[in-house]
file entry24.cif (mmCIF, C-alpha atoms)
data_upload
loop_
_atom_site.label_atom_id
_atom_site.label_comp_id
_atom_site.auth_asym_id
_atom_site.auth_seq_id
_atom_site.Cartn_x
_atom_site.Cartn_y
_atom_site.Cartn_z
CA VAL A 79 -10.80 0.30 -11.66
CA GLN A 80 -10.76 0.91 -7.94
CA LEU A 81 -8.44 2.95 -5.74
CA GLN A 82 -9.23 2.41 -2.07
CA ALA A 83 -7.66 4.89 0.32
CA SER A 84 -7.44 4.29 4.05
CA GLY A 85 -5.56 5.36 7.14
CA GLY A 86 -6.91 8.82 7.81
CA GLY A 87 -8.01 10.01 11.21
CA LEU A 88 -7.75 12.59 13.95
CA VAL A 89 -4.18 13.28 15.05
CA GLN A 90 -2.60 15.80 17.38
CA PRO A 91 -0.11 18.30 16.01
CA GLY A 92 3.30 16.71 15.74
CA GLY A 93 1.83 13.27 15.29
CA SER A 94 2.15 10.81 12.43
CA LEU A 95 -0.08 8.85 10.11
CA THR A 96 0.37 6.41 7.28
CA LEU A 97 -2.13 6.50 4.45
CA SER A 98 -2.55 3.54 2.14
CA CYS A 99 -4.14 3.20 -1.26
CA ALA A 100 -4.88 -0.22 -2.72
CA ALA A 101 -5.39 -0.33 -6.47
CA SER A 102 -7.19 -2.86 -8.61
CA GLY A 103 -8.08 -3.01 -12.26
CA ILE A 104 -4.98 -1.20 -13.46
CA ARG A 105 -1.46 -2.23 -14.48
CA PHE A 106 -0.15 -0.86 -11.25
CA SER A 107 3.56 -0.83 -12.01
CA MET A 108 2.97 1.19 -15.16
CA ASN A 109 1.16 3.97 -13.33
CA VAL A 110 2.47 7.06 -11.64
CA MET A 111 0.74 7.03 -8.28
CA GLU A 112 -0.02 10.30 -6.56
CA TRP A 113 -1.53 11.72 -3.42
CA TYR A 114 -3.57 14.89 -3.61
CA ARG A 115 -5.29 16.75 -0.82
CA GLN A 116 -8.10 19.23 -0.59
CA ALA A 117 -8.63 21.43 2.42
CA PRO A 118 -11.98 23.15 3.07
CA GLY A 119 -12.40 26.09 0.76
CA LYS A 120 -9.23 25.35 -1.18
CA GLN A 121 -8.36 23.74 -4.47
CA ARG A 122 -7.15 20.18 -4.65
CA GLU A 123 -3.35 20.12 -4.70
CA LEU A 124 -0.72 17.55 -5.56
CA VAL A 125 1.15 16.44 -2.45
CA ALA A 126 3.46 13.68 -3.69
CA GLY A 127 3.96 11.32 -6.58
CA ILE A 128 5.96 8.17 -7.32
CA THR A 129 6.74 6.49 -10.61
CA GLY A 130 6.70 2.77 -11.20
CA GLY A 131 10.45 2.76 -10.83
CA GLY A 132 10.34 4.60 -7.53
CA ASN A 133 11.23 8.16 -8.49
CA THR A 134 9.44 10.59 -6.20
CA ASN A 135 8.39 14.21 -6.14
CA TYR A 136 6.87 16.33 -3.38
CA ALA A 137 5.15 19.64 -2.92
CA ASP A 138 7.47 22.13 -1.27
CA SER A 139 5.11 22.41 1.68
CA VAL A 140 5.57 18.76 2.64
CA LYS A 141 9.19 18.05 1.79
CA GLY A 142 11.01 16.48 4.70
CA ARG A 143 7.78 15.49 6.47
CA PHE A 144 5.95 13.30 3.94
CA THR A 145 7.30 10.12 2.35
CA ILE A 146 5.60 8.38 -0.53
CA SER A 147 6.34 4.74 -1.29
CA ARG A 148 4.85 1.85 -3.21
CA ASP A 149 4.77 -1.92 -3.22
CA ASN A 150 4.19 -3.07 -6.79
CA ALA A 151 3.73 -6.67 -5.65
CA LYS A 152 0.78 -5.58 -3.49
CA ASN A 153 -0.63 -2.98 -5.88
CA THR A 154 -0.53 -0.55 -2.99
CA PHE A 155 1.14 2.75 -2.31
CA TYR A 156 1.56 4.74 0.84
CA LEU A 157 2.03 8.18 2.30
CA GLN A 158 3.90 8.41 5.57
CA ILE A 159 3.10 11.74 7.20
CA ASN A 160 5.23 12.98 10.07
CA SER A 161 5.26 16.16 12.14
CA LEU A 162 1.64 16.86 11.28
CA LYS A 163 0.47 20.45 11.33
CA PRO A 164 -3.06 21.84 11.53
CA GLU A 165 -2.65 23.07 7.96
CA ASP A 166 -2.28 19.45 6.83
CA THR A 167 -5.95 18.96 7.64
CA ALA A 168 -7.63 17.91 4.41
CA VAL A 169 -9.22 15.08 2.53
CA TYR A 170 -6.40 13.07 0.96
CA TYR A 171 -7.07 11.42 -2.40
CA CYS A 172 -5.12 8.79 -4.27
CA HIS A 173 -4.68 9.15 -7.99
CA ALA A 174 -3.29 6.92 -10.73
CA ARG A 175 -1.88 8.27 -13.97
CA ARG A 176 -0.52 6.31 -16.93
CA PRO A 177 0.84 8.07 -19.97
CA VAL A 178 -0.62 6.75 -23.21
CA ALA A 179 -0.44 7.93 -26.79
CA GLY A 180 -2.04 11.34 -26.94
CA GLY A 181 -2.46 11.87 -23.23
CA SER A 182 -2.91 9.99 -19.97
CA LEU A 183 -5.32 7.57 -18.37
CA THR A 184 -6.22 8.83 -14.93
CA TYR A 185 -8.24 7.47 -12.04
CA TRP A 186 -9.25 8.88 -8.66
CA GLY A 187 -9.92 7.09 -5.44
CA GLN A 188 -12.26 8.19 -2.74
CA GLY A 189 -10.72 10.41 -0.12
CA THR A 190 -9.65 9.76 3.41
CA GLN A 191 -9.99 12.54 5.97
CA VAL A 192 -6.96 13.69 7.92
CA THR A 193 -7.68 16.09 10.77
CA VAL A 194 -4.86 17.61 12.79
CA SER A 195 -6.11 19.16 15.99
CA SER A 196 -5.37 19.23 19.68
#
call {"tool": "encode", "arguments": {"input": "entry24.cif", "output": "structure tokens"}}
result
Amino acid sequence: VQLQASGGGLVQPGGSLTLSCAASGIRFSMNVMEWYRQAPGKQRELVAGITGGGNTNYADSVKGRFTISRDNAKNTFYLQINSLKPEDTAVYYCHARRPVAGGSLTYWGQGTQVTVSS
């Protein structure tokens, strides 16, 4: 199983980025795909998630600025980030979760750094 995140970088406040995460080795359409982030000195937090059918959820802190989407044909999902703020600076991780009997199968990708600074 591999989740390959990309698209991070250094962006000025107010700017935009699109993160991508390409998955392999999983039944992609059956997984809930999620983006987490971890800022220095803080716990990792859930930013956004999307089911195989396209239902989405967002952390309150990012609603209206972040958009999660997926392309099941490409085994890839995305996070469009607009109106970036310095407090969005973090390592962003992709995560796959599939409910199974008795629990869930979960997988993490490596992170991609997003730095918001002027």
call {"tool": "closest_residue", "arguments": {"input": "entry24.cif", "among": "A:Leu157, A:Gly181, A:Leu88, A:Gln188", "to": "Gln116 in chain A", "atoms": "all atoms listed in the file"}}
result
A:Gln188
call {"tool": "atom_distance", "arguments": {"input": "entry24.cif", "atom1": "CA of Pro164 in chain A", "atom2": "CA of Thr190 in chain A"}}
result
16.0 Å
call {"tool": "residues_near_point", "arguments": {"input": "entry24.cif", "point": "(0.1, 12.3, -6.3)", "cutoff": "12 Å", "atoms": "all atoms listed in the file", "output": "VMD selection string"}}
result
chain A and resid 99 109 to 115 122 to 129 134 to 137 144 to 148 155 to 157 170 to 175 184 to 187
call {"tool": "atom_distance", "arguments": {"input": "entry24.cif", "atom1": "CA of Gly85 in chain A", "atom2": "CA of Leu97 in chain A"}}
result
4.5 Å
call {"tool": "closest_residue", "arguments": {"input": "entry24.cif", "among": "A:Gly189, A:Ser196, A:Ser161, A:Gly180", "to": "Leu81 in chain A", "atoms": "all atoms listed in the file"}}
result
A:Gly189
call {"tool": "residues_around", "arguments": {"input": "entry24.cif", "residues": "Met108 in chain A", "least_positions_apart": "4", "cutoff": "9 Å", "atoms": "all atoms listed in the file", "output": "MDAnalysis selection string"}}
result
chainID A and resid 104 129:131 175:177
call {"tool": "resolve_selection", "arguments": {"input": "entry24.cif", "expression": "the PyMOL selection byres ((chain A and resi 83) around 6)", "output": "ChimeraX atom specification"}}
result
/A:82,84,98-99
call {"tool": "write_last_selection", "arguments": {"input": "entry24.cif", "atoms": "C-alpha atoms", "output": "PDB file, in the coordinates of the input"}}
result
ATOM      1  CA  GLN A  82      -9.230   2.410  -2.070  1.00  0.00           C
ATOM      2  CA  SER A  84      -7.440   4.290   4.050  1.00  0.00           C
ATOM      3  CA  SER A  98      -2.550   3.540   2.140  1.00  0.00           C
ATOM      4  CA  CYS A  99      -4.140   3.200  -1.260  1.00  0.00           C
TER       5      CYS A  99
END
call {"tool": "atom_distance", "arguments": {"input": "entry24.cif", "atom1": "CA of Pro91 in chain A", "atom2": "CA of Gly132 in chain A"}}
result
29.2 Å
call {"tool": "closest_residue", "arguments": {"input": "entry24.cif", "among": "A:Pro118, A:Asn133, A:Lys152, A:Gly87", "to": "Ser102 in chain A", "atoms": "all atoms listed in the file"}}
result
A:Lys152
call {"tool": "residues_around", "arguments": {"input": "entry24.cif", "residues": "Gly119 in chain A", "least_positions_apart": "4", "cutoff": "12 Å", "atoms": "all atoms listed in the file", "output": "short mmCIF file (atom, residue, chain, number, x, y, z; two decimals) with C-alpha atoms, in the coordinates of the input"}}
result
data_model
loop_
_atom_site.label_atom_id
_atom_site.label_comp_id
_atom_site.auth_asym_id
_atom_site.auth_seq_id
_atom_site.Cartn_x
_atom_site.Cartn_y
_atom_site.Cartn_z
CA ARG A 115 -5.29 16.75 -0.82
CA THR A 167 -5.95 18.96 7.64
CA ALA A 168 -7.63 17.91 4.41
CA VAL A 169 -9.22 15.08 2.53
#
call {"tool": "closest_residue", "arguments": {"input": "entry24.cif", "among": "A:Ala100, A:Gly92, A:Ser182, A:Asn150", "to": "Asp166 in chain A", "atoms": "all atoms listed in the file"}}
result
A:Gly92
